Amino acid sequence: MEKLVILKFDGDWEEQGFRVDLTIFTISKNKKVEASDGNLQFKPLRELTRYLPPNAELASLLQQHWEEKYRRLSAPYRLEAGNIQYDGSVNHLVDECKQSAHQVCDRINHWFKSEQFSDIKEELIRNLSSNETARFLIRTKDELLQKLPWQEWDLIKGFSNAEVGLAPYDWRELPTIQNRNHKIKILAILGHSEGIDIETDRNLLENLPNAEVTFLVEPSRRNVNDQLWEQSWDIIFFAGHSKTEGETGRIYINPDYSLTISELWYALRKAVDRGLQLAIFNSCDGLGLTRELNDDLHIPQIIVMRELVPDLVAQEFLKYFLTAFANGQPFHLAMQNARERLHGLEDTFPCATWLPVIYQNPTAVPLTWKTLSTNLWRRLGTVLLSSVLVTGLVMGVRWLGVLQQWELKTFDHMMHMRPLELADERLLMIGIDEEDIRKYGDSSSLYGNPIPDKILAQLFEKLENHGASAIGLDIVRDRPVPKNDIDGHQKLVRQFQENEKLITVCSFNPPENSIAPPPKSPEEQQGFVDLFNDRPQTGNQDETIRRYLLSRSENPISKPSHCNTPYSFAWQLAYLYLNTKKIPITTVEENWKFGATTFKRLESRSGGYQNLDSRGNQMVINYRNLAKSQKISQEVTLRDVLNNNSDRFNPKWVKDRVVLVGVVAPSIQDYHDTSYGRMRGLYIQAHATSQILSAVNQERPMFWWFPQWGDTLWVFFWSFTSAVIILFVAAPRYQWIVLCVSGITLYGISWVIFVLSGSWIPLIPSISALVLIWLCVSTYTSYTNKK
């Protein structure tokens with residue numbers, strides 16, 4: 001528990017003497033709130049009124065000491081150059097000053113032993129222990145009492161943790177102002193420095209921990225005024241020349257200009273309103289400055305020099321004080337430490353320990369370096385808790401699927417924003433167009449087969465002879481064979497049975513409307529072509545194809561199906577192509593592994609999907625971003641191949657390629673929505689096949705995503721980081737700018753990672769967290785400021 005002792009003096013030196021009012025307070029922390037917020041309990045412990053007799057002799061001696069003994073010392077004072085004249089032997093003047101100081105101390109202690117004053121001394125001894133932390137504040141209007149070296153009082157010397165300061169005679173209780181800065185902000189004004197070295201002061205300030213120092217070197221009045229108006233400051237520091245003029249003080253900010261406090265009154269008031277806690281004037285004769293700074297502006301704590309201060313003393317004091325204060329000592333004990341250490345300079349600079357003095361409002365919160373920085377860890381704790389709650393809320397909403405549609409649309413947008421890609425040269429498309437159907441189709445057929453079996457048999461024979469690695473027929477052939485095409489059908493069946501590179505298609509979904517593969521087609525050469533849109537997942541009209549089912553497992557409770565192959569069309573084609581390259585295909589933990597490349601299957605919660613029907617082995621389709629006029633691969637027509645049209649078909653285009661055969665005629669509807677607009681099923685199958693081959697050869701990245709805990713950490717990182725930045729931006733009007741910059745940065749990083757590595761990062765949840773945390777921090781800041 002700390003004690004505060006206030007001694008109030010009324011009277012004069014010559015006739016009445018002084019009435020002395022003693023008040024002793026105990027200071028304790030309010031257990032319900034932080035002391036750093038200014039919530040301290042001041043409890044009066046003892047009040048007493050006594051008197052000191054007139055002492056004109058001491059007043060004369062004290063005035064003579066300062067003006068005739070001390071000021072005559074030859075020292076580079078931090079006073080405007082040319083105001084002091086030096087004469088006589090330096091050593092002789094030093095000795096005289098020491099003797100005069102000794103006499104002043106003797107007379108002070110003799111005066112305080114007066115009988116009328118003895119009860120105050122006894123009361124202090126009774127209520128304060130020798131090692132107890134105590135602050136003594138002297139309230140008086142008398143200028144000589146303010147210049148009295150109170151620390152030389154024998155009583156105060158008996159308390160090891162006590163410091164004496166001055167207080168305004170009339171004071172008001174200070175409002176609680178919580179600093180919003182994460183670092184201690186110091187405005188350092190380095191003024192007129194002729195004949196003195198203030199670079200040492202600058203070096204000391206630059207090395208302070210957890211401090212942000214702004215230096216104004218020999219500034220103009222406007223520079224100082226603007227800085228005080230535009231930013232919040234914890235400490236104002238001045239080094240240079242200064243002096244007291246009557247009831248006020250003057251500081252020399254550059255060689256040509258000086259200021260009084262009244263000339264900065266409005267700017268300083270603004271600084272106080274924003275949380276200014278301490279003003280340090282490491283310059284000469286500063287008591288005149290305190291009268292306006294504390295009495296009128298109510299700056300909580302001020303450090304000044306009582307008299308002219310030698311340059312070396314000013315430098316050493318600042319070093320001792322800042323070192324002790326920044327290392328955690330309370331403000332008044334750091335002052336005591338620094339002042340007492342100046343005793344080592346008194347051989348050369350007598351009365352050095354008398355010069356520094358605190359001028360303090362009695363209700364000011366006792367400062368420490370930690371509380372001055374607004375308890376950074378407590379504020380970070382608030383931000384941390386807010387970020388955890390926001391992250392939990394966002395991820396909970398996401399878990400319910402509320403954000404899924406936005407995430408899927410964002411995925412489509414990201415796909416469009418990727419660089420353009422080239423066609424896949426490992427694929428060849430044979431597209432059966434309207435002209436092919438008119439030329440080769442049987443208009444009399446009642447069974448819906450656009451191309452007769454004999455034409456397809458001819459095509460497959462040519463493709464096999466040209467050295468195709470795999471041939472995929474993406475045309476349904478489950479209808480009865482027309483009587484006029486029996487011979488052609490037999491040829492096609494032989495192709496199915498003898499050509500191991502030929503893959504046919506079927507469809508299993510839904511089972512009651514399943515589509516069978518061509519008759520007598522071997523099951524190991526069949527692939528299903530079922531495509532699944534995201535309508536069931538989003539619960540709306542989103543029919544976009546973003547997923548591809550590579551393989552499926554048997555469902556014992558499903559209805560019988562005409563399509564029983566477990567492998568997809570693209571899987572079968574990729575298998576045949578990779579088999580020619582001696583690349584093995586295996587499974588690892590239910591994931592397909594093609595050579596050294598593992599395809600991570602979609603689970604119920606993968607990327608932007610929530611509650612996904614993840615049966616089977618599904619992958620996200622990595623469509624190639626092609627120019628509008630470009631297709632997934634080189635494409636020819638059926639007639640080009642059958643007629644050996646050298647201008648439009650070269651047999652070399654078939655060798656070692658995957659050839660996909662399908663209908664592209666608009667009259668036969670097979671269009672689906674994709675991330676790149678409407679696309680025929682044949683092209684979607686080609687994209688899926690190309691994706692597998694490209695991933696195996698490591699030409700294009702595969703899509704991947706974080707586990708749920710990874711998504712949560714990603715969202716929390718952006719929430720917490722942005723909250724810290726927003727909270728520590730002093731001006732609320734700039735917080736929305738931070739929000740926008742954070743959002744743009746998040747989008748840019750997500751895009752780069754998406755393009756370079758294929759990572760599906762939770763962009764929408766992260767942006768949602770940014771907006772929510774901005775609202776939380778803005779509300780918190782507004783609330784605390786109003787409070």
# chains A, B, ... in the order shown; residues from 1 in each chain; ligands from 1
>>> residues_around(residues="A:Trp13", least_positions_apart="6", cutoff="10 Å", atoms="only C-alpha atoms", output="JSON, numbers by chain")
{"A": [52, 53, 54, 55, 56, 57, 58, 59, 60, 142, 144, 145]}
>>> write_last_selection(atoms="all heavy atoms", output="PDB file, in the first residue's frame")
ATOM      1  N   LEU A  52       4.247  27.220  10.803  1.00  0.00           N
ATOM      2  CA  LEU A  52       5.686  27.495  10.777  1.00  0.00           C
ATOM      3  C   LEU A  52       5.880  28.990  11.009  1.00  0.00           C
ATOM      4  O   LEU A  52       5.175  29.815  10.389  1.00  0.00           O
ATOM      5  CB  LEU A  52       6.288  27.104   9.425  1.00  0.00           C
ATOM      6  CG  LEU A  52       6.687  25.644   9.233  1.00  0.00           C
ATOM      7  CD1 LEU A  52       7.055  25.386   7.777  1.00  0.00           C
ATOM      8  CD2 LEU A  52       7.855  25.260  10.146  1.00  0.00           C
ATOM      9  N   PRO A  53       6.803  29.361  11.856  1.00  0.00           N
ATOM     10  CA  PRO A  53       6.995  30.785  12.162  1.00  0.00           C
ATOM     11  C   PRO A  53       7.618  31.523  10.980  1.00  0.00           C
ATOM     12  O   PRO A  53       8.207  30.894  10.087  1.00  0.00           O
ATOM     13  CB  PRO A  53       7.949  30.747  13.344  1.00  0.00           C
ATOM     14  CG  PRO A  53       8.695  29.470  13.195  1.00  0.00           C
ATOM     15  CD  PRO A  53       7.724  28.506  12.601  1.00  0.00           C
ATOM     16  N   PRO A  54       7.508  32.841  10.948  1.00  0.00           N
ATOM     17  CA  PRO A  54       8.175  33.616   9.894  1.00  0.00           C
ATOM     18  C   PRO A  54       9.669  33.340   9.891  1.00  0.00           C
ATOM     19  O   PRO A  54      10.272  33.094  10.946  1.00  0.00           O
ATOM     20  CB  PRO A  54       7.862  35.070  10.253  1.00  0.00           C
ATOM     21  CG  PRO A  54       6.661  34.992  11.137  1.00  0.00           C
ATOM     22  CD  PRO A  54       6.767  33.711  11.897  1.00  0.00           C
ATOM     23  N   ASN A  55      10.295  33.401   8.730  1.00  0.00           N
ATOM     24  CA  ASN A  55      11.736  33.132   8.640  1.00  0.00           C
ATOM     25  C   ASN A  55      12.302  33.906   7.455  1.00  0.00           C
ATOM     26  O   ASN A  55      12.679  33.337   6.438  1.00  0.00           O
ATOM     27  CB  ASN A  55      11.989  31.631   8.489  1.00  0.00           C
ATOM     28  CG  ASN A  55      13.413  31.243   8.818  1.00  0.00           C
ATOM     29  OD1 ASN A  55      14.330  32.075   8.739  1.00  0.00           O
ATOM     30  ND2 ASN A  55      13.628  29.985   9.180  1.00  0.00           N
ATOM     31  N   ALA A  56      12.356  35.235   7.604  1.00  0.00           N
ATOM     32  CA  ALA A  56      12.865  36.099   6.530  1.00  0.00           C
ATOM     33  C   ALA A  56      14.329  35.813   6.250  1.00  0.00           C
ATOM     34  O   ALA A  56      14.795  35.960   5.113  1.00  0.00           O
ATOM     35  CB  ALA A  56      12.669  37.570   6.915  1.00  0.00           C
ATOM     36  N   GLU A  57      15.058  35.388   7.284  1.00  0.00           N
ATOM     37  CA  GLU A  57      16.488  35.108   7.115  1.00  0.00           C
ATOM     38  C   GLU A  57      16.690  33.939   6.149  1.00  0.00           C
ATOM     39  O   GLU A  57      17.552  33.986   5.264  1.00  0.00           O
ATOM     40  CB  GLU A  57      17.114  34.786   8.467  1.00  0.00           C
ATOM     41  CG  GLU A  57      18.617  34.567   8.394  1.00  0.00           C
ATOM     42  CD  GLU A  57      19.226  34.257   9.758  1.00  0.00           C
ATOM     43  OE1 GLU A  57      18.488  34.253  10.768  1.00  0.00           O
ATOM     44  OE2 GLU A  57      20.441  33.998   9.790  1.00  0.00           O
ATOM     45  N   LEU A  58      15.884  32.868   6.308  1.00  0.00           N
ATOM     46  CA  LEU A  58      15.993  31.729   5.408  1.00  0.00           C
ATOM     47  C   LEU A  58      15.580  32.124   3.993  1.00  0.00           C
ATOM     48  O   LEU A  58      16.217  31.724   3.016  1.00  0.00           O
ATOM     49  CB  LEU A  58      15.118  30.569   5.900  1.00  0.00           C
ATOM     50  CG  LEU A  58      15.021  29.344   4.985  1.00  0.00           C
ATOM     51  CD1 LEU A  58      16.410  28.763   4.702  1.00  0.00           C
ATOM     52  CD2 LEU A  58      14.100  28.272   5.593  1.00  0.00           C
ATOM     53  N   ALA A  59      14.550  32.963   3.888  1.00  0.00           N
ATOM     54  CA  ALA A  59      14.108  33.394   2.564  1.00  0.00           C
ATOM     55  C   ALA A  59      15.207  34.169   1.862  1.00  0.00           C
ATOM     56  O   ALA A  59      15.471  33.972   0.663  1.00  0.00           O
ATOM     57  CB  ALA A  59      12.850  34.248   2.685  1.00  0.00           C
ATOM     58  N   SER A  60      15.860  35.065   2.616  1.00  0.00           N
ATOM     59  CA  SER A  60      16.941  35.861   2.026  1.00  0.00           C
ATOM     60  C   SER A  60      18.114  34.968   1.640  1.00  0.00           C
ATOM     61  O   SER A  60      18.718  35.136   0.572  1.00  0.00           O
ATOM     62  CB  SER A  60      17.390  36.933   3.019  1.00  0.00           C
ATOM     63  OG  SER A  60      18.494  37.653   2.512  1.00  0.00           O
ATOM     64  N   ASP A 142       3.865  30.210  -3.111  1.00  0.00           N
ATOM     65  CA  ASP A 142       5.101  30.942  -2.847  1.00  0.00           C
ATOM     66  C   ASP A 142       6.236  30.386  -3.697  1.00  0.00           C
ATOM     67  O   ASP A 142       6.535  29.184  -3.638  1.00  0.00           O
ATOM     68  CB  ASP A 142       5.451  30.841  -1.357  1.00  0.00           C
ATOM     69  CG  ASP A 142       6.600  31.749  -0.989  1.00  0.00           C
ATOM     70  OD1 ASP A 142       7.762  31.305  -1.130  1.00  0.00           O
ATOM     71  OD2 ASP A 142       6.351  32.902  -0.605  1.00  0.00           O
ATOM     72  N   LEU A 144       9.504  30.913  -3.563  1.00  0.00           N
ATOM     73  CA  LEU A 144      10.689  30.465  -2.824  1.00  0.00           C
ATOM     74  C   LEU A 144      10.472  29.093  -2.205  1.00  0.00           C
ATOM     75  O   LEU A 144      11.385  28.264  -2.160  1.00  0.00           O
ATOM     76  CB  LEU A 144      11.053  31.485  -1.750  1.00  0.00           C
ATOM     77  CG  LEU A 144      11.902  32.672  -2.203  1.00  0.00           C
ATOM     78  CD1 LEU A 144      12.175  33.613  -1.040  1.00  0.00           C
ATOM     79  CD2 LEU A 144      13.227  32.192  -2.801  1.00  0.00           C
ATOM     80  N   LEU A 145       9.252  28.836  -1.701  1.00  0.00           N
ATOM     81  CA  LEU A 145       8.972  27.498  -1.176  1.00  0.00           C
ATOM     82  C   LEU A 145       9.081  26.439  -2.270  1.00  0.00           C
ATOM     83  O   LEU A 145       9.493  25.311  -2.025  1.00  0.00           O
ATOM     84  CB  LEU A 145       7.572  27.452  -0.557  1.00  0.00           C
ATOM     85  CG  LEU A 145       7.424  28.033   0.852  1.00  0.00           C
ATOM     86  CD1 LEU A 145       5.982  27.967   1.303  1.00  0.00           C
ATOM     87  CD2 LEU A 145       8.331  27.300   1.848  1.00  0.00           C
TER      88      LEU A 145
END
>>> select_by_dssp(residues="stretch 526-646 of chain A", states="strand (DSSP E or B)", output="VMD selection string")
chain A and resid 526 to 528 532 544 to 545 547 to 551 567 to 568 585 to 588 591 to 594 597 to 599 606 609 617 to 620 634 to 637
>>> residues_around(residues="A:Asp201", least_positions_apart="3", cutoff="9 Å", atoms="only C-alpha atoms", output="PyMOL selection string")
chain A and resi 190+197-198+204-206+239+282+314-315+318-319
>>> write_last_selection(atoms="N, CA and C atoms", output="PDB file, in the first residue's frame")
ATOM      1  N   LEU A 190      13.397  19.042 -30.008  1.00  0.00           N
ATOM      2  CA  LEU A 190      14.795  19.400 -29.791  1.00  0.00           C
ATOM      3  C   LEU A 190      14.972  20.827 -30.296  1.00  0.00           C
ATOM      4  N   ASP A 197      24.761  20.198 -25.847  1.00  0.00           N
ATOM      5  CA  ASP A 197      24.712  18.971 -26.631  1.00  0.00           C
ATOM      6  C   ASP A 197      23.395  18.257 -26.336  1.00  0.00           C
ATOM      7  N   ILE A 198      22.435  18.355 -27.260  1.00  0.00           N
ATOM      8  CA  ILE A 198      21.164  17.661 -27.039  1.00  0.00           C
ATOM      9  C   ILE A 198      21.071  16.376 -27.864  1.00  0.00           C
ATOM     10  N   LEU A 204      19.296   8.774 -26.170  1.00  0.00           N
ATOM     11  CA  LEU A 204      18.624   8.095 -25.061  1.00  0.00           C
ATOM     12  C   LEU A 204      17.177   7.781 -25.414  1.00  0.00           C
ATOM     13  N   LEU A 205      16.502   8.719 -26.030  1.00  0.00           N
ATOM     14  CA  LEU A 205      15.093   8.518 -26.388  1.00  0.00           C
ATOM     15  C   LEU A 205      14.937   7.450 -27.463  1.00  0.00           C
ATOM     16  N   GLU A 206      15.871   7.430 -28.414  1.00  0.00           N
ATOM     17  CA  GLU A 206      15.766   6.466 -29.510  1.00  0.00           C
ATOM     18  C   GLU A 206      15.891   5.027 -29.035  1.00  0.00           C
ATOM     19  N   ALA A 239      14.066  19.531 -25.071  1.00  0.00           N
ATOM     20  CA  ALA A 239      15.467  19.769 -24.699  1.00  0.00           C
ATOM     21  C   ALA A 239      15.938  20.979 -25.488  1.00  0.00           C
ATOM     22  N   ASN A 282      13.697  19.128 -20.083  1.00  0.00           N
ATOM     23  CA  ASN A 282      15.087  18.954 -19.664  1.00  0.00           C
ATOM     24  C   ASN A 282      15.867  20.207 -20.063  1.00  0.00           C
ATOM     25  N   ALA A 314      21.946  17.781 -17.030  1.00  0.00           N
ATOM     26  CA  ALA A 314      20.707  17.467 -17.743  1.00  0.00           C
ATOM     27  C   ALA A 314      20.819  16.126 -18.470  1.00  0.00           C
ATOM     28  N   GLN A 315      21.967  15.884 -19.090  1.00  0.00           N
ATOM     29  CA  GLN A 315      22.154  14.623 -19.808  1.00  0.00           C
ATOM     30  C   GLN A 315      22.149  13.427 -18.854  1.00  0.00           C
ATOM     31  N   LEU A 318      18.651  12.700 -17.364  1.00  0.00           N
ATOM     32  CA  LEU A 318      17.763  12.032 -18.302  1.00  0.00           C
ATOM     33  C   LEU A 318      18.138  10.561 -18.452  1.00  0.00           C
ATOM     34  N   LYS A 319      19.423  10.276 -18.507  1.00  0.00           N
ATOM     35  CA  LYS A 319      19.867   8.888 -18.631  1.00  0.00           C
ATOM     36  C   LYS A 319      19.442   8.067 -17.416  1.00  0.00           C
TER      37      LYS A 319
END
>>> residues_around(residues="stretch 303-313 of chain A", least_positions_apart="5", cutoff="8 Å", atoms="only C-alpha atoms", output="JSON, numbers by chain")
{"A": [66, 71, 75, 76, 77, 78, 79, 147, 196, 197, 278, 279, 280, 281, 282, 283, 284, 285, 286, 287, 290, 342, 345, 349, 352, 354, 355, 356, 357, 358, 359]}
>>> select_by_dssp(residues="stretch 525-652 of chain A", states="helix (DSSP H, G or I)", output="PyMOL selection string")
chain A and resi 525+535-538+569-580+638-642+651-652
>>> atom_distance(atom1="atom CA of A:Ile753", atom2="atom CA of A:Ser766")
14.9 Å
>>> atom_distance(atom1="atom CA of A:Val696", atom2="atom CA of A:Ala468")
19.4 Å
>>> closest_residue(among="A:Tyr440, A:Phe411, A:Phe9, A:Phe317", to="A:Thr637", atoms="only C-alpha atoms")
A:Tyr440
>>> closest_atom_pairs(of="stretch 189-296 of chain A", to="stretch 323-328 of chain A", cutoff="12 Å", atoms="only C-alpha atoms", output="Markdown table")
| residue | atom | partner | partner_atom | distance |
| --- | --- | --- | --- | --- |
| A:Leu204 | CA | A:Thr323 | CA | 8.9 |
| A:Leu205 | CA | A:Thr323 | CA | 10.2 |
| A:Asn207 | CA | A:Thr323 | CA | 10.0 |
| A:Leu208 | CA | A:Ala326 | CA | 7.0 |
| A:Pro209 | CA | A:Ala326 | CA | 7.0 |
| A:Asn210 | CA | A:Ala326 | CA | 9.0 |
| A:Ala211 | CA | A:Ala326 | CA | 9.7 |
>>> write_last_selection(atoms="N, CA and C atoms", output="mmCIF file, in the first residue's frame")
data_model
loop_
_atom_site.group_PDB
_atom_site.id
_atom_site.type_symbol
_atom_site.label_atom_id
_atom_site.label_comp_id
_atom_site.auth_asym_id
_atom_site.auth_seq_id
_atom_site.Cartn_x
_atom_site.Cartn_y
_atom_site.Cartn_z
ATOM 1 N N LEU A 204 19.296 8.774 -26.170
ATOM 2 C CA LEU A 204 18.624 8.095 -25.061
ATOM 3 C C LEU A 204 17.177 7.781 -25.414
ATOM 4 N N LEU A 205 16.502 8.719 -26.030
ATOM 5 C CA LEU A 205 15.093 8.518 -26.388
ATOM 6 C C LEU A 205 14.937 7.450 -27.463
ATOM 7 N N ASN A 207 16.520 4.805 -27.901
ATOM 8 C CA ASN A 207 16.766 3.445 -27.427
ATOM 9 C C ASN A 207 15.773 2.992 -26.361
ATOM 10 N N LEU A 208 14.698 3.734 -26.157
ATOM 11 C CA LEU A 208 13.705 3.341 -25.169
ATOM 12 C C LEU A 208 12.912 2.132 -25.669
ATOM 13 N N PRO A 209 12.589 1.189 -24.790
ATOM 14 C CA PRO A 209 11.795 0.023 -25.214
ATOM 15 C C PRO A 209 10.320 0.379 -25.363
ATOM 16 N N ASN A 210 9.676 -0.282 -26.303
ATOM 17 C CA ASN A 210 8.226 -0.138 -26.508
ATOM 18 C C ASN A 210 7.805 1.321 -26.651
ATOM 19 N N ALA A 211 8.631 2.089 -27.332
ATOM 20 C CA ALA A 211 8.346 3.518 -27.505
ATOM 21 C C ALA A 211 8.443 3.893 -28.981
#
>>> residues_around(residues="A:Trp153", least_positions_apart="6", cutoff="8 Å", atoms="only C-alpha atoms", output="VMD selection string")
chain A and resid 105 108 to 109 112
>>> decode(residues="stretch 250-266 of chain A", atoms="N, CA and C atoms", output="mmCIF file, in the first residue's frame")
data_model
loop_
_atom_site.group_PDB
_atom_site.id
_atom_site.type_symbol
_atom_site.label_atom_id
_atom_site.label_comp_id
_atom_site.auth_asym_id
_atom_site.auth_seq_id
_atom_site.Cartn_x
_atom_site.Cartn_y
_atom_site.Cartn_z
ATOM 1 N N ARG A 250 9.247 30.293 -20.931
ATOM 2 C CA ARG A 250 9.487 30.455 -22.361
ATOM 3 C C ARG A 250 10.486 29.392 -22.804
ATOM 4 N N ILE A 251 10.170 28.728 -23.944
ATOM 5 C CA ILE A 251 11.085 27.747 -24.518
ATOM 6 C C ILE A 251 11.536 28.251 -25.885
ATOM 7 N N TYR A 252 12.805 27.998 -26.197
ATOM 8 C CA TYR A 252 13.390 28.454 -27.464
ATOM 9 C C TYR A 252 13.423 27.254 -28.412
ATOM 10 N N ILE A 253 12.483 27.245 -29.382
ATOM 11 C CA ILE A 253 12.335 26.069 -30.232
ATOM 12 C C ILE A 253 13.290 26.083 -31.419
ATOM 13 N N ASN A 254 13.813 27.238 -31.777
ATOM 14 C CA ASN A 254 14.838 27.335 -32.816
ATOM 15 C C ASN A 254 15.625 28.620 -32.584
ATOM 16 N N PRO A 255 16.687 28.863 -33.303
ATOM 17 C CA PRO A 255 17.525 30.044 -33.026
ATOM 18 C C PRO A 255 16.787 31.368 -33.162
ATOM 19 N N ASP A 256 15.680 31.385 -33.885
ATOM 20 C CA ASP A 256 15.012 32.652 -34.164
ATOM 21 C C ASP A 256 13.654 32.795 -33.512
ATOM 22 N N TYR A 257 13.202 31.778 -32.795
ATOM 23 C CA TYR A 257 11.827 31.844 -32.310
ATOM 24 C C TYR A 257 11.699 31.153 -30.956
ATOM 25 N N SER A 258 10.912 31.762 -30.075
ATOM 26 C CA SER A 258 10.620 31.192 -28.759
ATOM 27 C C SER A 258 9.116 31.213 -28.529
ATOM 28 N N LEU A 259 8.672 30.385 -27.610
ATOM 29 C CA LEU A 259 7.244 30.242 -27.343
ATOM 30 C C LEU A 259 6.971 30.268 -25.855
ATOM 31 N N THR A 260 5.824 30.821 -25.492
ATOM 32 C CA THR A 260 5.289 30.629 -24.150
ATOM 33 C C THR A 260 4.220 29.544 -24.228
ATOM 34 N N ILE A 261 3.841 29.034 -23.089
ATOM 35 C CA ILE A 261 2.844 27.972 -23.069
ATOM 36 C C ILE A 261 1.514 28.478 -23.614
ATOM 37 N N SER A 262 1.193 29.747 -23.335
ATOM 38 C CA SER A 262 -0.086 30.290 -23.804
ATOM 39 C C SER A 262 -0.179 30.275 -25.327
ATOM 40 N N GLU A 263 0.952 30.313 -26.022
ATOM 41 C CA GLU A 263 0.935 30.309 -27.482
ATOM 42 C C GLU A 263 0.668 28.911 -28.051
ATOM 43 N N LEU A 264 0.737 27.914 -27.203
ATOM 44 C CA LEU A 264 0.399 26.543 -27.617
ATOM 45 C C LEU A 264 -0.785 25.999 -26.815
ATOM 46 N N TRP A 265 -1.547 26.884 -26.195
ATOM 47 C CA TRP A 265 -2.547 26.465 -25.212
ATOM 48 C C TRP A 265 -3.569 25.514 -25.812
ATOM 49 N N TYR A 266 -4.157 25.855 -26.943
ATOM 50 C CA TYR A 266 -5.209 25.025 -27.531
ATOM 51 C C TYR A 266 -4.664 23.670 -27.996
#
